[in-house]
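Visitor: Just so it is clear, I am handing over protein27.csv, which has CSV, C-alpha atoms.
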```
chain,number,residue,atom,x,y,z
P,1,MET,CA,-29.2,27.5,45.0
P,2,ASN,CA,-27.6,27.7,41.6
P,3,GLU,CA,-24.3,26.0,42.1
P,4,ALA,CA,-21.7,25.8,39.4
P,5,PRO,CA,-20.9,22.2,38.2
P,6,LEU,CA,-17.7,20.8,39.5
P,7,THR,CA,-14.7,21.0,37.3
P,8,GLY,CA,-11.2,19.7,37.5
P,9,PRO,CA,-10.1,17.0,39.8
P,10,ASP,CA,-13.3,17.2,41.9
P,11,ALA,CA,-15.5,16.3,38.9
P,12,GLY,CA,-13.4,13.2,38.2
P,13,LEU,CA,-13.5,12.1,41.8
P,14,VAL,CA,-17.3,12.5,41.9
P,15,ARG,CA,-17.7,10.5,38.7
P,16,TYR,CA,-15.4,7.7,40.1
P,17,LEU,CA,-17.3,7.6,43.4
P,18,LYS,CA,-20.6,7.4,41.4
P,19,TRP,CA,-19.2,4.5,39.4
P,20,LEU,CA,-18.1,2.7,42.6
P,21,VAL,CA,-21.4,3.1,44.3
P,22,THR,CA,-23.3,1.9,41.2
P,23,THR,CA,-21.0,-1.1,40.9
P,24,LEU,CA,-21.3,-2.0,44.5
P,25,THR,CA,-25.1,-1.8,44.3
P,26,VAL,CA,-25.2,-4.1,41.3
P,27,VAL,CA,-22.9,-6.6,42.9
P,28,MET,CA,-25.0,-6.6,46.1
P,29,ILE,CA,-28.2,-7.2,44.2
P,30,VAL,CA,-26.7,-10.0,42.2
P,31,GLY,CA,-25.3,-11.6,45.3
P,32,LEU,CA,-28.6,-11.4,47.1
P,33,VAL,CA,-30.4,-13.0,44.1
P,34,VAL,CA,-27.8,-15.8,44.1
P,35,LEU,CA,-28.1,-16.4,47.8
P,36,ILE,CA,-31.9,-16.5,47.6
P,37,ALA,CA,-31.7,-19.0,44.6
P,38,LEU,CA,-29.2,-21.2,46.5
P,39,VAL,CA,-31.4,-21.3,49.6
P,40,ALA,CA,-34.5,-22.1,47.5
P,41,MET,CA,-32.7,-24.9,45.7
P,42,ARG,CA,-31.4,-26.3,48.9
P,43,PHE,CA,-34.9,-26.4,50.5
P,44,ASN,CA,-36.4,-28.0,47.4
P,45,GLN,CA,-34.0,-31.0,47.6
P,46,SER,CA,-35.5,-34.1,49.1
P,47,ALA,CA,-33.6,-35.6,52.0
P,48,PRO,CA,-32.0,-39.0,51.2
P,49,THR,CA,-33.9,-41.8,52.7
P,50,ALA,CA,-32.2,-44.6,54.6
P,51,VAL,CA,-32.5,-48.0,52.9
P,52,PHE,CA,-33.0,-50.9,55.4
P,53,PRO,CA,-32.9,-54.6,54.4
P,54,ASP,CA,-36.2,-56.6,54.5
P,55,ALA,CA,-34.9,-59.0,57.1
P,56,ILE,CA,-32.1,-59.0,59.7
P,57,ALA,CA,-30.5,-62.2,61.1
P,58,LEU,CA,-31.0,-61.5,64.8
P,59,PRO,CA,-29.6,-64.1,67.2
P,60,GLU,CA,-32.0,-66.6,68.8
P,61,GLY,CA,-34.4,-64.9,71.3
P,62,ALA,CA,-33.4,-61.4,70.5
P,63,GLN,CA,-36.0,-58.7,69.9
P,64,ALA,CA,-35.1,-55.4,68.2
P,65,GLU,CA,-35.9,-52.3,70.2
P,66,SER,CA,-34.4,-49.8,67.8
P,67,MET,CA,-32.3,-49.7,64.7
P,68,THR,CA,-30.1,-47.2,63.0
P,69,ARG,CA,-28.1,-47.2,59.8
P,70,GLY,CA,-24.5,-46.0,59.4
P,71,PRO,CA,-22.5,-45.6,56.2
P,72,ASP,CA,-21.4,-49.3,56.1
P,73,TYR,CA,-23.2,-50.9,59.0
P,74,LEU,CA,-26.6,-51.5,60.7
P,75,LEU,CA,-26.9,-51.1,64.5
P,76,VAL,CA,-29.7,-52.9,66.3
P,77,VAL,CA,-30.4,-52.4,70.0
P,78,THR,CA,-32.2,-55.3,71.5
P,79,THR,CA,-34.6,-55.4,74.4
P,80,ASP,CA,-32.2,-57.4,76.5
P,81,GLY,CA,-29.5,-54.6,76.5
P,82,ARG,CA,-27.3,-55.6,73.6
P,83,ALA,CA,-26.1,-53.6,70.6
P,84,LEU,CA,-25.6,-55.7,67.5
P,85,VAL,CA,-23.5,-54.3,64.6
P,86,PHE,CA,-24.4,-55.9,61.3
P,87,ASP,CA,-23.1,-55.5,57.8
P,88,PRO,CA,-25.3,-53.4,55.5
P,89,THR,CA,-27.3,-56.4,54.3
P,90,GLY,CA,-28.2,-57.3,57.9
P,91,GLN,CA,-27.1,-60.9,57.5
P,92,PHE,CA,-23.7,-61.0,59.1
P,93,LEU,CA,-23.1,-60.0,62.7
P,94,ARG,CA,-19.9,-58.0,63.0
P,95,GLN,CA,-19.9,-57.1,66.6
P,96,GLU,CA,-21.9,-57.5,69.8
P,97,LEU,CA,-21.8,-54.9,72.6
P,98,THR,CA,-23.4,-55.0,76.1
P,99,ILE,CA,-25.2,-51.9,77.2
P,100,ASP,CA,-25.2,-51.1,80.9
P,101,ARG,CA,-28.6,-49.9,81.9
```
Would you put the structure from the file into structure tokens?

Guide:
Amino acid sequence: MNEAPLTGPDAGLVRYLKWLVTTLTVVMIVGLVVLIALVAMRFNQSAPTAVFPDAIALPEGAQAESMTRGPDYLLVVTTDGRALVFDPTGQFLRQELTIDR
């Protein structure tokens, strides 16, 4: 049970391996803390809300069934099967598409 301490090249190698293991442990702990912090910060951010205009200039007789917002357009689907693409203000009709049902 009483073993003599290592001497020579084996002692240096053991010290080097201890240093590597300790460094790896510290790096892994720091990385885990950083990952947990990033995930926590990401979940605490509020999602951006879409801003819609108060009024949209729909054509005569059209009723909106659904509406979505893109980066630079509003898309309104009407009950009569049309998709209307408006500018972000909702006042100027850019394009009208017919939806086959």

Visitor: Hey, which of P:Ala62, P:Leu13, P:Ala57, P:Leu74 ends up closest to Gln91 in chain P? Count all atoms listed in the file.

Guide: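 Of all the options, P:Ala57 lies closest to Gln91 in chain P.
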
Visitor: Would you kindly identify which residues have an atom no farther than 6 Å from (-30.3, -53.3, 69.3), using all atoms listed in the file and the file's own coordinates, and write them out as a tab-separated table (two decimals) with C-alpha atoms, keeping the file's coordinate frame?

Guide:
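Done, and the output landed in selection.tsv:
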```tsv
chain	number	residue	atom	x	y	z
P	64	ALA	CA	-35.10	-55.40	68.20
P	65	GLU	CA	-35.90	-52.30	70.20
P	66	SER	CA	-34.40	-49.80	67.80
P	76	VAL	CA	-29.70	-52.90	66.30
P	77	VAL	CA	-30.40	-52.40	70.00
P	78	THR	CA	-32.20	-55.30	71.50
P	82	ARG	CA	-27.30	-55.60	73.60
P	83	ALA	CA	-26.10	-53.60	70.60
P	84	LEU	CA	-25.60	-55.70	67.50
```

Visitor: In Å to one decimal, how far is CA of Leu97 in chain P from CA of Ile56 in chain P?

Guide: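 CA of Leu97 in chain P lies 17.0 Å from CA of Ile56 in chain P.
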
Visitor: Which value, in Å to one decimal, gives the distance between CA of Pro88 in chain P and CA of Ala55 in chain P?

Guide: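 We find that CA of Pro88 in chain P and CA of Ala55 in chain P lie 11.2 Å from each other.
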
Visitor: Using Å and a single decimal, report how far CA of Pro53 in chain P sits from CA of Gln95 in chain P.

Guide: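 Spanning CA of Gln95 in chain P to CA of Pro53 in chain P is a straight-line distance of 18.0 Å.
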
Visitor: Near Val51 in chain P, counting only C-alpha atoms, which residues have an atom at most 12 Å away, once you skip same-chain residues fewer than 5 positions from it, shown as a list in words?

Guide: Met67, Thr68, Arg69, Gly70, Pro71, Asp72, Tyr73, Leu74, Pro88, Thr89 and Gly90 of chain P

Visitor: Could those selected residues go to a file with C-alpha atoms, as a short mmCIF file (atom, residue, chain, number, x, y, z; two decimals), keeping the file's coordinate frame?

Guide:
```
data_model
loop_
_atom_site.label_atom_id
_atom_site.label_comp_id
_atom_site.auth_asym_id
_atom_site.auth_seq_id
_atom_site.Cartn_x
_atom_site.Cartn_y
_atom_site.Cartn_z
CA MET P 67 -32.30 -49.70 64.70
CA THR P 68 -30.10 -47.20 63.00
CA ARG P 69 -28.10 -47.20 59.80
CA GLY P 70 -24.50 -46.00 59.40
CA PRO P 71 -22.50 -45.60 56.20
CA ASP P 72 -21.40 -49.30 56.10
CA TYR P 73 -23.20 -50.90 59.00
CA LEU P 74 -26.60 -51.50 60.70
CA PRO P 88 -25.30 -53.40 55.50
CA THR P 89 -27.30 -56.40 54.30
CA GLY P 90 -28.20 -57.30 57.90
#
```

Visitor: Since fewer atoms than expected are present, regenerate all heavy atoms for range 30-41 of chain P and write them as a short mmCIF file (atom, residue, chain, number, x, y, z; two decimals), in the frame of the given file.

Guide:
```cif
data_model
loop_
_atom_site.label_atom_id
_atom_site.label_comp_id
_atom_site.auth_asym_id
_atom_site.auth_seq_id
_atom_site.Cartn_x
_atom_site.Cartn_y
_atom_site.Cartn_z
N VAL P 30 -26.97 -8.69 42.77
CA VAL P 30 -26.70 -10.00 42.20
C VAL P 30 -26.37 -11.03 43.25
O VAL P 30 -26.86 -12.16 43.21
CB VAL P 30 -25.54 -9.89 41.14
CG1 VAL P 30 -25.05 -11.26 40.70
CG2 VAL P 30 -25.98 -9.08 39.94
N GLY P 31 -25.59 -10.64 44.25
CA GLY P 31 -25.30 -11.60 45.30
C GLY P 31 -26.50 -11.98 46.12
O GLY P 31 -26.66 -13.14 46.48
N LEU P 32 -27.40 -11.05 46.38
CA LEU P 32 -28.60 -11.40 47.10
C LEU P 32 -29.49 -12.33 46.28
O LEU P 32 -30.05 -13.28 46.83
CB LEU P 32 -29.40 -10.09 47.41
CG LEU P 32 -30.65 -10.24 48.24
CD1 LEU P 32 -30.31 -10.79 49.62
CD2 LEU P 32 -31.38 -8.92 48.36
N VAL P 33 -29.59 -12.10 44.98
CA VAL P 33 -30.40 -13.00 44.10
C VAL P 33 -29.75 -14.39 44.12
O VAL P 33 -30.47 -15.40 44.20
CB VAL P 33 -30.48 -12.42 42.69
CG1 VAL P 33 -31.03 -13.45 41.71
CG2 VAL P 33 -31.33 -11.16 42.69
N VAL P 34 -28.43 -14.48 44.05
CA VAL P 34 -27.80 -15.80 44.10
C VAL P 34 -28.00 -16.49 45.40
O VAL P 34 -28.30 -17.70 45.43
CB VAL P 34 -26.24 -15.62 43.79
CG1 VAL P 34 -25.49 -16.89 44.10
CG2 VAL P 34 -26.02 -15.21 42.34
N LEU P 35 -27.90 -15.78 46.52
CA LEU P 35 -28.10 -16.40 47.80
C LEU P 35 -29.58 -16.90 47.95
O LEU P 35 -29.81 -18.00 48.43
CB LEU P 35 -27.85 -15.39 48.94
CG LEU P 35 -26.39 -15.17 49.27
CD1 LEU P 35 -26.24 -14.07 50.31
CD2 LEU P 35 -25.75 -16.44 49.76
N ILE P 36 -30.53 -16.11 47.50
CA ILE P 36 -31.90 -16.50 47.60
C ILE P 36 -32.15 -17.77 46.69
O ILE P 36 -32.83 -18.72 47.09
CB ILE P 36 -32.87 -15.39 47.16
CG1 ILE P 36 -32.84 -14.31 48.24
CG2 ILE P 36 -34.29 -15.88 46.92
CD1 ILE P 36 -33.55 -13.02 47.86
N ALA P 37 -31.54 -17.79 45.51
CA ALA P 37 -31.70 -19.00 44.60
C ALA P 37 -31.05 -20.20 45.25
O ALA P 37 -31.62 -21.29 45.19
CB ALA P 37 -31.03 -18.66 43.27
N LEU P 38 -29.88 -20.06 45.88
CA LEU P 38 -29.20 -21.20 46.50
C LEU P 38 -30.06 -21.75 47.68
O LEU P 38 -30.20 -22.96 47.84
CB LEU P 38 -27.84 -20.84 47.00
CG LEU P 38 -26.78 -20.67 45.92
CD1 LEU P 38 -25.48 -20.15 46.52
CD2 LEU P 38 -26.55 -21.96 45.18
N VAL P 39 -30.61 -20.86 48.49
CA VAL P 39 -31.40 -21.30 49.60
C VAL P 39 -32.69 -22.00 49.09
O VAL P 39 -33.09 -23.05 49.60
CB VAL P 39 -31.79 -20.11 50.53
CG1 VAL P 39 -32.88 -20.48 51.51
CG2 VAL P 39 -30.56 -19.64 51.26
N ALA P 40 -33.31 -21.44 48.06
CA ALA P 40 -34.50 -22.10 47.50
C ALA P 40 -34.21 -23.43 46.90
O ALA P 40 -34.97 -24.39 47.11
CB ALA P 40 -35.11 -21.15 46.42
N MET P 41 -33.07 -23.57 46.22
CA MET P 41 -32.70 -24.90 45.70
C MET P 41 -32.42 -25.88 46.76
O MET P 41 -32.75 -27.05 46.65
CB MET P 41 -31.51 -24.75 44.73
CG MET P 41 -31.83 -24.08 43.42
SD MET P 41 -30.51 -24.11 42.19
CE MET P 41 -29.11 -23.53 43.07
#
```
